[in-house]
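Asks: Sending over input.cif (mmCIF, C-alpha atoms).
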data_protein
#
loop_
_atom_site.label_atom_id
_atom_site.label_comp_id
_atom_site.auth_asym_id
_atom_site.auth_seq_id
_atom_site.Cartn_x
_atom_site.Cartn_y
_atom_site.Cartn_z
CA MET A 1000 60.57 -61.14 -46.21
CA THR A 1001 61.21 -57.84 -47.92
CA GLU A 1002 63.22 -54.88 -46.79
CA ARG A 1003 62.11 -51.31 -46.98
CA THR A 1004 64.16 -48.26 -46.00
CA TRP A 1005 62.27 -45.28 -44.68
CA PHE A 1006 65.17 -42.79 -45.10
CA GLY A 1007 67.28 -41.58 -47.96
CA ALA A 1008 71.02 -42.24 -47.72
CA GLY A 1009 71.77 -38.65 -46.80
CA ALA A 1010 69.18 -38.64 -44.04
CA LEU A 1011 70.67 -41.83 -42.59
CA VAL A 1012 74.08 -40.20 -42.31
CA VAL A 1013 72.61 -37.16 -40.61
CA LEU A 1014 70.56 -39.25 -38.19
CA ALA A 1015 73.51 -41.49 -37.32
CA PHE A 1016 75.59 -38.40 -36.57
CA ALA A 1017 72.79 -36.94 -34.45
CA LEU A 1018 72.40 -40.15 -32.45
CA ALA A 1019 76.09 -40.49 -31.55
CA PRO A 1020 76.26 -37.87 -28.74
CA MET A 1021 72.92 -38.91 -27.21
CA ALA A 1022 74.41 -41.23 -24.58
CA ALA A 1023 76.72 -38.49 -23.32
CA ARG A 1024 73.93 -36.20 -22.18
CA GLY A 1025 71.75 -36.48 -19.08
CA GLU A 1026 68.52 -37.80 -20.51
CA ILE A 1027 66.05 -40.68 -20.71
CA LEU A 1028 65.11 -41.53 -24.27
CA ALA A 1029 61.80 -43.19 -25.12
CA MET A 1030 60.63 -44.64 -28.40
CA MET A 1031 56.96 -44.06 -29.21
CA ASN A 1032 55.07 -45.07 -32.32
CA TYR A 1033 52.41 -42.49 -33.08
CA GLU A 1034 49.51 -41.77 -35.40
CA SER A 1035 47.32 -38.77 -36.17
CA LYS A 1036 44.50 -38.23 -33.72
CA SER A 1037 41.03 -39.10 -34.97
CA PRO A 1038 38.69 -36.21 -35.83
CA GLU A 1039 36.61 -37.11 -32.76
CA SER A 1040 39.65 -36.92 -30.49
CA LEU A 1041 40.76 -33.63 -32.04
CA LYS A 1042 37.36 -32.10 -31.24
CA ALA A 1043 37.98 -32.80 -27.55
CA MET A 1044 41.18 -30.74 -27.55
CA LYS A 1045 41.02 -27.13 -26.39
CA ALA A 1046 42.79 -25.98 -29.56
CA PRO A 1047 42.07 -28.67 -32.14
CA MET A 1048 44.34 -28.84 -35.16
CA ALA A 1049 43.57 -31.11 -38.08
CA PRO A 1050 46.70 -32.57 -39.68
CA SER A 1051 46.84 -32.03 -43.44
CA GLN A 1052 47.02 -35.81 -43.86
CA ARG A 1053 47.22 -38.90 -41.69
CA ARG A 1054 50.67 -39.45 -40.20
CA GLU A 1055 52.40 -42.40 -38.60
CA GLY A 1056 55.90 -42.68 -37.27
CA ILE A 1057 58.21 -43.49 -34.41
CA ALA A 1058 59.42 -40.59 -32.31
CA ILE A 1059 62.43 -40.78 -30.00
CA ILE A 1060 61.78 -38.25 -27.25
CA ASP A 1061 63.76 -37.16 -24.21
CA ILE A 1062 61.33 -37.71 -21.33
CA ASP A 1063 63.72 -37.14 -18.42
CA PRO A 1064 61.96 -34.57 -16.19
CA ALA A 1065 65.37 -33.16 -15.18
CA SER A 1066 66.77 -32.85 -18.71
CA PRO A 1067 67.13 -29.49 -20.47
CA ASN A 1068 65.77 -31.29 -23.55
CA HIS A 1069 62.70 -32.62 -21.73
CA GLY A 1070 59.98 -33.24 -24.30
CA LYS A 1071 62.24 -32.71 -27.31
CA ILE A 1072 61.95 -35.03 -30.30
CA MET A 1073 65.48 -36.29 -30.92
CA ARG A 1074 64.53 -38.34 -33.97
CA ASP A 1075 61.37 -38.81 -36.01
CA ILE A 1076 61.16 -41.97 -38.11
CA PRO A 1077 58.27 -41.96 -40.62
CA LEU A 1078 56.12 -45.05 -41.15
CA PRO A 1079 53.53 -45.80 -43.86
CA ALA A 1080 50.34 -43.90 -43.14
CA ASP A 1081 48.22 -47.05 -43.51
CA LEU A 1082 50.30 -49.32 -41.27
CA VAL A 1083 48.44 -48.56 -38.01
CA ALA A 1084 51.54 -49.45 -36.01
CA HIS A 1085 50.42 -50.73 -32.64
CA HIS A 1086 52.97 -52.08 -30.13
CA ILE A 1087 56.76 -52.23 -29.81
CA PHE A 1088 58.49 -55.25 -28.23
CA TYR A 1089 62.19 -55.91 -27.65
CA ASN A 1090 63.70 -59.35 -28.05
CA LYS A 1091 65.55 -60.85 -25.09
CA ASP A 1092 68.94 -59.23 -25.71
CA LEU A 1093 67.45 -55.87 -26.82
CA SER A 1094 69.22 -56.13 -30.17
CA LYS A 1095 65.97 -55.82 -32.11
CA ALA A 1096 62.60 -54.13 -31.62
CA TYR A 1097 59.46 -55.58 -33.20
CA VAL A 1098 56.58 -53.31 -34.24
CA THR A 1099 53.17 -54.92 -34.69
CA ALA A 1100 50.51 -53.45 -36.95
CA LEU A 1101 46.75 -53.52 -37.17
CA GLY A 1102 46.55 -52.44 -40.80
CA GLN A 1103 49.06 -54.74 -42.52
CA SER A 1104 50.01 -58.41 -42.20
CA ALA A 1105 53.61 -57.66 -41.33
CA LEU A 1106 56.04 -57.10 -38.51
CA HIS A 1107 58.57 -54.28 -38.79
CA VAL A 1108 61.88 -55.11 -37.15
CA ILE A 1109 64.25 -52.36 -35.99
CA ASP A 1110 67.96 -53.17 -35.72
CA MET A 1111 68.79 -51.52 -32.38
CA ALA A 1112 72.51 -52.32 -32.74
CA LYS A 1113 72.91 -49.83 -35.57
CA GLU A 1114 72.85 -46.08 -35.06
CA ALA A 1115 70.72 -45.58 -38.16
CA LEU A 1116 68.02 -47.89 -36.70
CA PRO A 1117 67.21 -49.53 -40.05
CA ILE A 1118 63.80 -51.16 -40.34
CA VAL A 1119 63.06 -54.45 -42.09
CA ARG A 1120 59.54 -55.48 -43.06
CA VAL A 1121 58.67 -59.13 -42.34
CA ASP A 1122 55.50 -60.31 -44.06
CA ILE A 1123 53.33 -62.65 -41.96
CA PRO A 1124 50.91 -64.46 -44.31
CA GLY A 1125 47.74 -65.72 -42.67
CA CYS A 1126 47.95 -63.23 -39.82
CA SER A 1127 45.89 -60.07 -39.59
CA VAL A 1128 45.61 -57.47 -36.84
CA LEU A 1129 48.97 -58.24 -35.23
CA GLU A 1130 48.94 -57.52 -31.51
CA ASP A 1131 51.54 -58.92 -29.08
CA VAL A 1132 54.93 -60.59 -29.50
CA VAL A 1133 56.74 -62.82 -26.99
CA PHE A 1134 60.06 -64.63 -27.24
CA SER A 1135 61.43 -67.99 -26.20
CA GLY A 1136 63.97 -68.11 -23.38
CA ASP A 1137 66.82 -68.77 -25.83
CA ASN A 1138 65.77 -65.77 -27.96
CA LYS A 1139 65.51 -67.97 -31.08
CA THR A 1140 61.74 -68.03 -31.54
CA TRP A 1141 58.98 -65.44 -31.53
CA TYR A 1142 55.24 -65.82 -31.18
CA VAL A 1143 52.85 -63.15 -32.50
CA SER A 1144 49.13 -63.03 -31.79
CA CYS A 1145 46.79 -62.42 -34.74
CA MET A 1146 43.53 -60.94 -33.46
CA GLY A 1147 41.89 -60.94 -36.87
CA THR A 1148 42.61 -64.57 -37.80
CA GLN A 1149 42.28 -66.60 -34.55
CA ASN A 1150 45.86 -67.82 -34.51
CA VAL A 1151 49.38 -67.33 -33.25
CA VAL A 1152 52.26 -67.34 -35.72
CA VAL A 1153 55.55 -68.91 -34.64
CA GLY A 1154 58.65 -67.40 -36.19
CA ASP A 1155 62.42 -67.75 -36.42
CA ALA A 1156 63.77 -64.87 -34.34
CA ILE A 1157 67.26 -65.11 -35.84
CA ALA A 1158 66.27 -64.97 -39.51
CA ASP A 1159 62.95 -63.24 -38.74
CA LYS A 1160 60.68 -65.38 -40.85
CA PRO A 1161 57.38 -67.10 -40.00
CA LEU A 1162 57.58 -70.86 -39.50
CA ARG A 1163 54.08 -72.15 -38.69
CA ASN A 1164 50.62 -71.14 -37.49
CA ILE A 1165 48.89 -72.30 -34.32
CA ALA A 1166 45.09 -72.32 -34.55
CA LEU A 1167 43.39 -71.30 -31.30
CA PRO A 1168 40.16 -72.64 -29.80
CA VAL A 1169 38.61 -69.20 -29.22
CA PRO A 1170 38.78 -66.08 -31.43
CA TYR A 1171 40.35 -62.64 -31.23
CA PRO A 1172 43.73 -63.42 -29.58
CA HIS A 1173 45.43 -60.33 -28.21
CA GLY A 1174 47.63 -60.98 -25.19
CA VAL A 1175 49.92 -64.00 -25.46
CA ALA A 1176 52.31 -65.56 -22.94
CA ILE A 1177 54.46 -68.67 -22.89
CA ASN A 1178 55.91 -70.79 -20.09
CA GLU A 1179 58.45 -73.31 -21.32
CA LYS A 1180 58.71 -74.97 -17.91
CA ILE A 1181 55.13 -76.25 -18.14
CA ASP A 1182 55.04 -76.39 -21.97
CA ARG A 1183 52.12 -73.98 -22.34
CA LEU A 1184 51.11 -71.04 -24.50
CA ILE A 1185 48.11 -69.01 -23.34
CA ALA A 1186 46.29 -66.25 -25.21
CA THR A 1187 43.37 -63.96 -24.45
CA SER A 1188 40.13 -63.80 -26.47
CA THR A 1189 39.43 -60.07 -26.66
CA VAL A 1190 37.18 -58.40 -29.26
CA ARG A 1191 36.40 -58.40 -32.96
CA ALA A 1192 38.86 -55.95 -34.47
CA SER A 1193 36.45 -54.38 -36.96
CA ASP A 1194 34.09 -52.90 -34.37
CA LEU A 1195 35.40 -53.97 -30.92
CA GLY A 1196 32.29 -56.12 -30.53
CA ASP A 1197 31.61 -59.81 -29.81
CA ALA A 1198 33.78 -59.63 -26.69
CA GLY A 1199 35.34 -62.88 -25.55
CA GLU A 1200 35.40 -64.40 -22.10
CA ALA A 1201 38.12 -67.05 -22.19
CA ILE A 1202 41.82 -67.87 -22.44
CA SER A 1203 43.11 -70.26 -25.12
CA VAL A 1204 45.49 -72.94 -23.82
CA VAL A 1205 47.98 -74.61 -26.16
CA GLU A 1206 50.71 -77.20 -25.71
CA LEU A 1207 53.72 -75.07 -26.59
CA SER A 1208 55.97 -77.81 -28.00
CA THR A 1209 53.38 -79.25 -30.40
CA GLY A 1210 50.96 -76.37 -31.02
CA LYS A 1211 48.07 -78.62 -30.00
CA ALA A 1212 45.04 -76.71 -28.70
CA LEU A 1213 44.05 -78.00 -25.26
CA GLY A 1214 40.88 -75.97 -24.74
CA ALA A 1215 39.82 -72.67 -23.22
CA ILE A 1216 39.41 -71.33 -19.69
CA LYS A 1217 36.57 -68.96 -18.84
CA VAL A 1218 37.64 -65.90 -16.85
CA SER A 1219 34.26 -64.63 -15.72
CA ASN A 1220 31.73 -65.30 -13.00
CA LYS A 1221 28.89 -64.12 -15.27
CA PRO A 1222 26.68 -66.32 -17.46
CA SER A 1223 27.92 -66.77 -21.02
CA PRO A 1224 28.31 -64.80 -23.17
CA ALA A 1225 29.93 -62.71 -20.44
CA GLY A 1226 31.56 -60.13 -22.73
CA GLU A 1227 34.58 -59.65 -20.47
CA ALA A 1228 37.15 -59.06 -23.25
CA PRO A 1229 40.27 -60.42 -21.53
CA VAL A 1230 43.04 -58.39 -23.14
CA GLU A 1231 46.49 -58.87 -21.58
CA ILE A 1232 48.07 -61.87 -19.90
CA LEU A 1233 51.46 -62.19 -18.21
CA PHE A 1234 53.16 -64.85 -16.13
CA VAL A 1235 54.24 -63.74 -12.66
CA PRO A 1236 58.07 -63.76 -12.55
CA GLY A 1237 59.44 -66.49 -10.29
CA ALA A 1238 56.02 -67.81 -9.25
CA ASN A 1239 56.12 -71.44 -8.12
CA PRO A 1240 53.83 -72.99 -9.13
CA PRO A 1241 53.47 -70.84 -12.25
CA ALA A 1242 50.68 -68.27 -12.33
CA ALA A 1243 49.53 -65.63 -14.80
CA TYR A 1244 47.50 -62.45 -14.39
CA VAL A 1245 44.75 -61.51 -16.86
CA THR A 1246 43.10 -58.11 -17.31
CA ASN A 1247 39.44 -58.11 -18.40
CA MET A 1248 39.08 -54.94 -20.46
CA TYR A 1249 35.27 -54.79 -20.53
CA GLY A 1250 34.72 -56.71 -17.30
CA GLY A 1251 36.93 -54.34 -15.30
CA THR A 1252 38.53 -57.14 -13.31
CA LEU A 1253 41.88 -58.80 -12.67
CA TRP A 1254 42.08 -62.60 -12.79
CA LEU A 1255 44.75 -65.11 -11.89
CA LEU A 1256 45.41 -68.44 -13.59
CA SER A 1257 47.18 -70.76 -11.14
CA TRP A 1258 48.94 -73.86 -12.47
CA LYS A 1259 47.95 -77.17 -10.92
CA ASP A 1260 50.67 -79.72 -11.60
CA ALA A 1261 48.51 -82.67 -10.58
CA THR A 1262 45.99 -82.00 -13.36
CA LYS A 1263 48.34 -80.16 -15.77
CA SER A 1264 45.82 -77.35 -15.99
CA PHE A 1265 45.13 -73.81 -14.81
CA GLU A 1266 42.65 -72.83 -12.11
CA PRO A 1267 41.05 -69.39 -12.74
CA ARG A 1268 40.14 -66.96 -9.98
CA GLN A 1269 39.10 -63.30 -9.85
CA VAL A 1270 41.48 -61.41 -7.58
CA PHE A 1271 40.46 -57.75 -7.98
CA ASP A 1272 37.53 -55.65 -9.21
CA PHE A 1273 38.46 -52.18 -10.47
CA ALA A 1274 34.85 -51.05 -10.13
CA THR A 1275 35.60 -50.67 -6.41
CA LEU A 1276 37.89 -47.81 -7.42
CA LYS A 1277 35.50 -46.39 -10.02
CA SER A 1278 38.14 -47.24 -12.61
CA GLY A 1279 37.47 -49.05 -15.85
CA VAL A 1280 39.15 -50.64 -18.86
CA PRO A 1281 42.14 -52.36 -17.22
CA LEU A 1282 44.87 -52.96 -19.77
CA GLU A 1283 48.59 -53.54 -19.21
CA ILE A 1284 50.39 -55.61 -16.56
CA TYR A 1285 53.93 -55.09 -15.24
CA PHE A 1286 56.14 -56.12 -12.30
CA ASN A 1287 59.08 -54.62 -10.45
CA ALA A 1288 62.49 -56.30 -10.48
CA LYS A 1289 62.03 -57.87 -7.05
CA GLY A 1290 58.71 -59.35 -8.08
CA ASP A 1291 56.76 -58.10 -5.09
CA ARG A 1292 54.93 -55.26 -6.89
CA LEU A 1293 52.31 -55.48 -9.60
CA TYR A 1294 51.43 -52.51 -11.82
CA VAL A 1295 48.18 -52.33 -13.81
CA THR A 1296 46.87 -49.48 -15.96
CA THR A 1297 43.22 -48.56 -16.38
CA ALA A 1298 42.25 -46.35 -19.32
CA LYS A 1299 39.09 -44.71 -17.99
CA PRO A 1300 39.56 -42.22 -16.47
CA GLY A 1301 43.29 -43.12 -16.51
CA HIS A 1302 45.34 -44.52 -13.59
CA LEU A 1303 48.41 -46.54 -12.71
CA HIS A 1304 47.56 -48.96 -9.88
CA ILE A 1305 50.28 -50.43 -7.68
CA PHE A 1306 49.67 -53.69 -5.82
CA ASP A 1307 51.70 -55.46 -3.16
CA ILE A 1308 51.98 -59.14 -4.14
CA SER A 1309 54.64 -60.09 -1.59
CA GLY A 1310 52.00 -62.21 0.16
CA GLY A 1311 51.33 -64.24 -2.99
CA ALA A 1312 49.97 -63.61 -6.46
CA GLU A 1313 46.54 -64.85 -5.41
CA SER A 1314 46.05 -61.95 -2.98
CA PRO A 1315 47.21 -58.63 -4.52
CA LYS A 1316 46.80 -55.75 -2.08
CA LEU A 1317 46.21 -52.31 -3.55
CA MET A 1318 48.83 -49.85 -2.35
CA LYS A 1319 48.05 -46.80 -4.44
CA SER A 1320 46.16 -45.59 -7.51
CA ILE A 1321 48.04 -42.78 -9.20
CA PRO A 1322 46.17 -40.58 -11.70
CA ALA A 1323 47.49 -40.39 -15.24
CA ALA A 1324 45.29 -39.24 -18.15
CA GLU A 1325 42.45 -40.73 -20.17
CA GLY A 1326 43.58 -43.76 -22.11
CA ALA A 1327 46.37 -44.75 -19.66
CA HIS A 1328 47.90 -47.73 -21.41
CA HIS A 1329 51.55 -48.78 -21.68
CA VAL A 1330 54.16 -47.99 -19.04
CA SER A 1331 57.94 -47.72 -19.02
CA ILE A 1332 59.82 -47.70 -15.72
CA THR A 1333 63.46 -46.73 -15.29
CA PRO A 1334 65.90 -49.44 -14.10
CA ASP A 1335 66.23 -47.75 -10.70
CA GLU A 1336 62.41 -47.82 -10.46
CA ARG A 1337 62.21 -44.14 -9.63
CA TYR A 1338 60.19 -42.95 -12.63
CA ALA A 1339 57.22 -44.45 -14.44
CA PHE A 1340 56.12 -43.03 -17.78
CA VAL A 1341 52.49 -43.75 -18.69
CA GLN A 1342 51.43 -43.46 -22.33
CA ASN A 1343 47.87 -42.18 -22.51
CA ALA A 1344 46.04 -43.34 -25.65
CA LEU A 1345 44.00 -46.40 -26.60
CA LEU A 1346 43.19 -47.11 -30.25
CA ASN A 1347 42.44 -43.45 -30.99
CA LEU A 1348 39.13 -43.85 -29.14
CA PRO A 1349 37.31 -40.66 -28.06
CA GLY A 1350 37.52 -40.28 -24.28
CA MET A 1351 40.57 -42.53 -24.11
CA SER A 1352 43.07 -40.70 -26.30
CA ASP A 1353 44.64 -37.89 -24.33
CA GLY A 1354 47.90 -38.23 -26.26
CA SER A 1355 50.24 -37.31 -23.41
CA VAL A 1356 52.79 -39.22 -21.36
CA THR A 1357 52.35 -38.86 -17.60
CA VAL A 1358 55.59 -38.73 -15.61
CA ILE A 1359 55.21 -40.42 -12.21
CA ASP A 1360 57.71 -40.29 -9.35
CA LEU A 1361 57.34 -43.77 -7.86
CA VAL A 1362 59.24 -42.78 -4.70
CA LYS A 1363 56.76 -40.00 -3.98
CA GLY A 1364 53.88 -42.00 -5.45
CA GLU A 1365 52.53 -39.08 -7.47
CA PRO A 1366 52.55 -37.58 -10.97
CA ILE A 1367 55.16 -34.84 -11.39
CA GLY A 1368 54.69 -33.79 -14.98
CA SER A 1369 53.49 -34.56 -18.47
CA VAL A 1370 55.16 -34.91 -21.86
CA ASP A 1371 52.73 -33.29 -24.29
CA THR A 1372 54.98 -33.18 -27.36
CA LEU A 1373 52.91 -35.48 -29.57
CA LYS A 1374 49.58 -34.35 -28.17
CA GLU A 1375 50.33 -30.74 -29.12
CA LYS A 1376 50.99 -31.85 -32.69
CA GLY A 1377 47.61 -33.58 -32.95
CA LEU A 1378 49.20 -37.03 -32.59
CA ASN A 1379 48.60 -40.02 -30.31
CA PRO A 1380 51.41 -42.24 -29.02
CA ASN A 1381 50.27 -45.87 -29.28
CA SER A 1382 53.01 -47.39 -27.13
CA ILE A 1383 56.18 -46.45 -25.28
CA VAL A 1384 59.45 -48.26 -24.62
CA LEU A 1385 62.67 -46.79 -23.28
CA LEU A 1386 65.75 -47.21 -25.44
CA PRO A 1387 67.95 -50.17 -24.42
CA ARG A 1388 70.26 -48.12 -22.20
CA TRP A 1389 67.30 -47.20 -19.98
CA TYR A 1390 65.11 -50.26 -20.53
CA HIS A 1391 63.58 -52.23 -17.63
CA ALA A 1392 61.93 -55.51 -18.66
CA MET A 1393 59.24 -55.40 -15.91
CA GLY A 1394 58.34 -59.06 -16.32
CA HIS A 1395 58.06 -58.94 -20.11
#
Just dump the structure as structure tokens.
Replies:
Amino acid sequence: MTERTWFGAGALVVLAFALAPMAARGEILAMMNYESKSPESLKAMKAPMAPSQRREGIAIIDIDPASPNHGKIMRDIPLPADLVAHHIFYNKDLSKAYVTALGQSALHVIDMAKEALPIVRVDIPGCSVLEDVVFSGDNKTWYVSCMGTQNVVVGDAIADKPLRNIALPVPYPHGVAINEKIDRLIATSTVRASDLGDAGEAISVVELSTGKALGAIKVSNKPSPAGEAPVEILFVPGANPPAAYVTNMYGGTLWLLSWKDATKSFEPRQVFDFATLKSGVPLEIYFNAKGDRLYVTTAKPGHLHIFDISGGAESPKLMKSIPAAEGAHHVSITPDERYAFVQNALLNLPGMSDGSVTVIDLVKGEPIGSVDTLKEKGLNPNSIVLLPRWYHAMGH
């Protein structure tokens, strides 16, 4: 593990001073890692602007639609231009944020307890194309999926160092979820990172306590190779018996894995087809605090879909599809569940890289605005999380 500081000492003092009064103002602060838009994406803009060089960073932006500073960048933290920072995940107590990267075999860990938000680099040997991170219930262990090396790395979440690798039965792991009650780790088999080809069709199943691979579960009704590209997977909060939703990125469907205690295995079942809505590329999965609402994003043309799951996870009922923008991807929802903020960009892909953040009023069930701060600078946000004061776990 090596440490790298992205600010000079003077800048740290200035930034710490700037951060201090933030909590006193009426605002909602979001943290977004960003990168320069691709040339293809820039061509699609009405007034394309080519950055002088590729940029990456983390922007803290006030996204409160009622704030006088709405859309203002409160802090801009530079990152290496070749990192290809991808997702941001909080640990259980929100004391640290973990940034995964597609371009380097390393996690970058942000100390959220310090005003300066120092970043520590944690090298992860034997892991390339880092995607998702999940944490054990006691907050002492993390698991990171390695889409380029067909494994999950288990790490010490206190010292932040890798401990061991878990080899998976099927390649290209992206989404990863754990359930300690049933001693299982499950991971999606998505696509080859180099060209997004060779799409998978199955979920790896591992005995969590031992790291022993138990096999794979197909999540498709099509003949193999089905090319479904299951991408995200998330256990349903409070479900008994346990169950997990899976989004098939290329297949355009939502699947459910239901735990069968008698056989100690999962039973797969398709529960929704987004083609019925003329929506494609389903991505992220979230829940409300009560656990009776399911939220799923689709990137093309860009929507946030809300399902009623009060009747059981096996029968989600679509309540509303709310338009966002092309590339609708990650979502942050305020603790009072009034606002949803949808980050609109997927891997800098043309046609799915709007670069905005759609502001949705969940009470009204409609979009009420857009944060275009990064988009107007020729940048794409790759993920969004609200700062700890405003954070809502949403099942993660």
Asks: Rank nothing, just name the residue among A:Ser1203, A:Asn1090, A:Ser1352, A:Thr1333 nearest to A:Pro1172, using all atoms listed in the file.
Replies: A:Ser1203
Asks: Please evaluate the PyMOL selection byres ((chain A and resi 1308) around 9) against the structure above and give the resulting residues as a CSV table (one decimal) with C-alpha atoms, keeping the file's coordinate frame.
Replies:
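Written out: selection.csv:
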chain,number,residue,atom,x,y,z
A,1290,GLY,CA,58.7,-59.4,-8.1
A,1291,ASP,CA,56.8,-58.1,-5.1
A,1292,ARG,CA,54.9,-55.3,-6.9
A,1293,LEU,CA,52.3,-55.5,-9.6
A,1306,PHE,CA,49.7,-53.7,-5.8
A,1307,ASP,CA,51.7,-55.5,-3.2
A,1309,SER,CA,54.6,-60.1,-1.6
A,1310,GLY,CA,52.0,-62.2,0.2
A,1311,GLY,CA,51.3,-64.2,-3.0
A,1312,ALA,CA,50.0,-63.6,-6.5
A,1313,GLU,CA,46.5,-64.8,-5.4
A,1314,SER,CA,46.0,-62.0,-3.0
A,1315,PRO,CA,47.2,-58.6,-4.5
A,1316,LYS,CA,46.8,-55.8,-2.1
A,1317,LEU,CA,46.2,-52.3,-3.6
Asks: Show me the residues close to (55.8, -64.1, -23.8) - anything with an atom within 9 Å, counting all atoms listed in the file - and format the list as number ranges by chain.
Replies: A: 1131-1135, 1141-1142, 1174-1178, 1184, 1232-1234, 1395
Asks: Just say which residues the PyMOL selection byres ((chain A and resi 1187-1193) around 8) picks in this file, as a list in words.
Replies: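 With the PyMOL selection byres ((chain A and resi 1187-1193) around 8) on this model, the match is Val1128, Met1146, Gly1147, Val1169, Pro1170, Tyr1171, Pro1172, His1173, Gly1174, Val1175, Ile1185, Ala1186, Asp1194, Leu1195, Gly1196, Asp1197, Ala1198, Gly1199, Glu1200, Ala1201, Ile1202, Ser1203, Glu1227, Ala1228, Pro1229, Val1230, Glu1231 and Ile1232 of chain A.
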Asks: Suppose you want the space between atom CA of A:Glu1325 and atom CA of A:Pro1300; what is it in Å?
Replies: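 Atom-to-atom, atom CA of A:Glu1325 to atom CA of A:Pro1300, that is 4.9 Å.
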Asks: From the set A:Gln1149, A:Ser1369, A:Ser1144, A:Asn1164, which residue has the shortest atom-to-atom contact distance to A:Pro1124, counting only C-alpha atoms?
Replies: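 Of A:Gln1149, A:Ser1369, A:Ser1144, A:Asn1164, the one nearest A:Pro1124, counting only C-alpha atoms, is A:Asn1164.
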Asks: Using the chain letters and numbers from the file, give me the residues hit by the PyMOL selection byres ((chain A and resi 1326) around 9), as a compact mmCIF listing (two decimals) with C-alpha atoms, in the coordinates of the input.
Replies:
# COMPACT_ATOMS: atom_id res chain seq x y z
CA VAL A 1280 39.15 -50.64 -18.86
CA THR A 1297 43.22 -48.56 -16.38
CA ALA A 1298 42.25 -46.35 -19.32
CA LYS A 1299 39.09 -44.71 -17.99
CA PRO A 1300 39.56 -42.22 -16.47
CA GLY A 1301 43.29 -43.12 -16.51
CA HIS A 1302 45.34 -44.52 -13.59
CA ALA A 1323 47.49 -40.39 -15.24
CA ALA A 1324 45.29 -39.24 -18.15
CA GLU A 1325 42.45 -40.73 -20.17
CA ALA A 1327 46.37 -44.75 -19.66
CA HIS A 1328 47.90 -47.73 -21.41
CA GLN A 1342 51.43 -43.46 -22.33
CA ASN A 1343 47.87 -42.18 -22.51
CA ALA A 1344 46.04 -43.34 -25.65
CA LEU A 1345 44.00 -46.40 -26.60
CA LEU A 1346 43.19 -47.11 -30.25
CA ASN A 1347 42.44 -43.45 -30.99
CA LEU A 1348 39.13 -43.85 -29.14
CA GLY A 1350 37.52 -40.28 -24.28
CA MET A 1351 40.57 -42.53 -24.11
CA SER A 1352 43.07 -40.70 -26.30
CA ASP A 1353 44.64 -37.89 -24.33
CA GLY A 1354 47.90 -38.23 -26.26
Asks: What is the distance, in Å and to one decimal place, between atom CA of A:Tyr1033 and atom CA of A:Thr1099?
Replies: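 Distance reported for this atom pair: 12.6 Å.
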Asks: Please indicate the distance in Å from atom CA of A:Gly1125 to atom CA of A:Ile1284, rounded to one decimal place.
Replies: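 Taking atom CA of A:Gly1125 as the start and atom CA of A:Ile1284 as the end point, the length is 28.1 Å.
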Asks: Rank nothing, just name the residue among A:Val1270, A:Leu1129, A:Leu1385, A:Ala1166 nearest to A:Asn1220, using only C-alpha atoms.
Replies: A:Val1270
Asks: Return as AutoDock Vina command-line options the centre and edge lengths, in Å with one decimal, of the box along x, y and z that encloses every atom of stretch 1121-1136 of chain A in the file, padded by 8 Å per side.
Replies:
--center_x 54.8 --center_y -62.8 --center_z -33.8 --size_x 34.4 --size_y 26.6 --size_z 36.9
Asks: Could you check which residues have any atom within 9 Å of (67.2, -34.2, -15.0), counting all atoms listed in the file with coordinates taken straight from the file, and then list them as a PDB file with C-alpha atoms, keeping the file's coordinate frame?
Replies:
ATOM      1  CA  GLY A1025      71.750 -36.480 -19.080  1.00  0.00           C
ATOM      2  CA  GLU A1026      68.520 -37.800 -20.510  1.00  0.00           C
ATOM      3  CA  ILE A1027      66.050 -40.680 -20.710  1.00  0.00           C
ATOM      4  CA  ASP A1063      63.720 -37.140 -18.420  1.00  0.00           C
ATOM      5  CA  PRO A1064      61.960 -34.570 -16.190  1.00  0.00           C
ATOM      6  CA  ALA A1065      65.370 -33.160 -15.180  1.00  0.00           C
ATOM      7  CA  SER A1066      66.770 -32.850 -18.710  1.00  0.00           C
ATOM      8  CA  PRO A1067      67.130 -29.490 -20.470  1.00  0.00           C
ATOM      9  CA  HIS A1069      62.700 -32.620 -21.730  1.00  0.00           C
TER      10      HIS A1069
END
Asks: Counting all atoms listed in the file, what is within 6 Å of A:Ile1305, bar same-chain residues fewer than 4 positions away, as a list in words?
Replies: Leu1293, Tyr1294, Met1318 and Lys1319 of chain A
Asks: Using all atoms listed in the file, which residues sit within 9 Å of A:Leu1106 once same-chain residues fewer than 6 positions away are excluded, as a ChimeraX atom specification?
Replies: /A:1097-1100,1119-1123,1129
Asks: Would you mind telling me which residue in A:Lys1217, A:Val1083, A:Met1393, A:Phe1088 lies nearest to A:Met1030 when using only C-alpha atoms?
Replies: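 When distances to A:Met1030 are compared using only C-alpha atoms, the smallest one comes from A:Phe1088.
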Asks: Smallest atom-to-atom distance to A:Val1204: which of A:Asn1150, A:Thr1252, A:Asn1247, A:Ser1219, using only C-alpha atoms?
Replies: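 Result for the nearest residue to A:Val1204: A:Asn1150.
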Asks: Find the spatial neighbours of A:Leu1082, counting only C-alpha atoms, within a cut-off of 8 Å - ignore same-chain residues fewer than 3 positions away - and output them as a list in words.
Replies: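 Returned residues: Glu1055, Leu1078, Pro1079, Ala1100, Leu1101, Gly1102 and Gln1103 of chain A.
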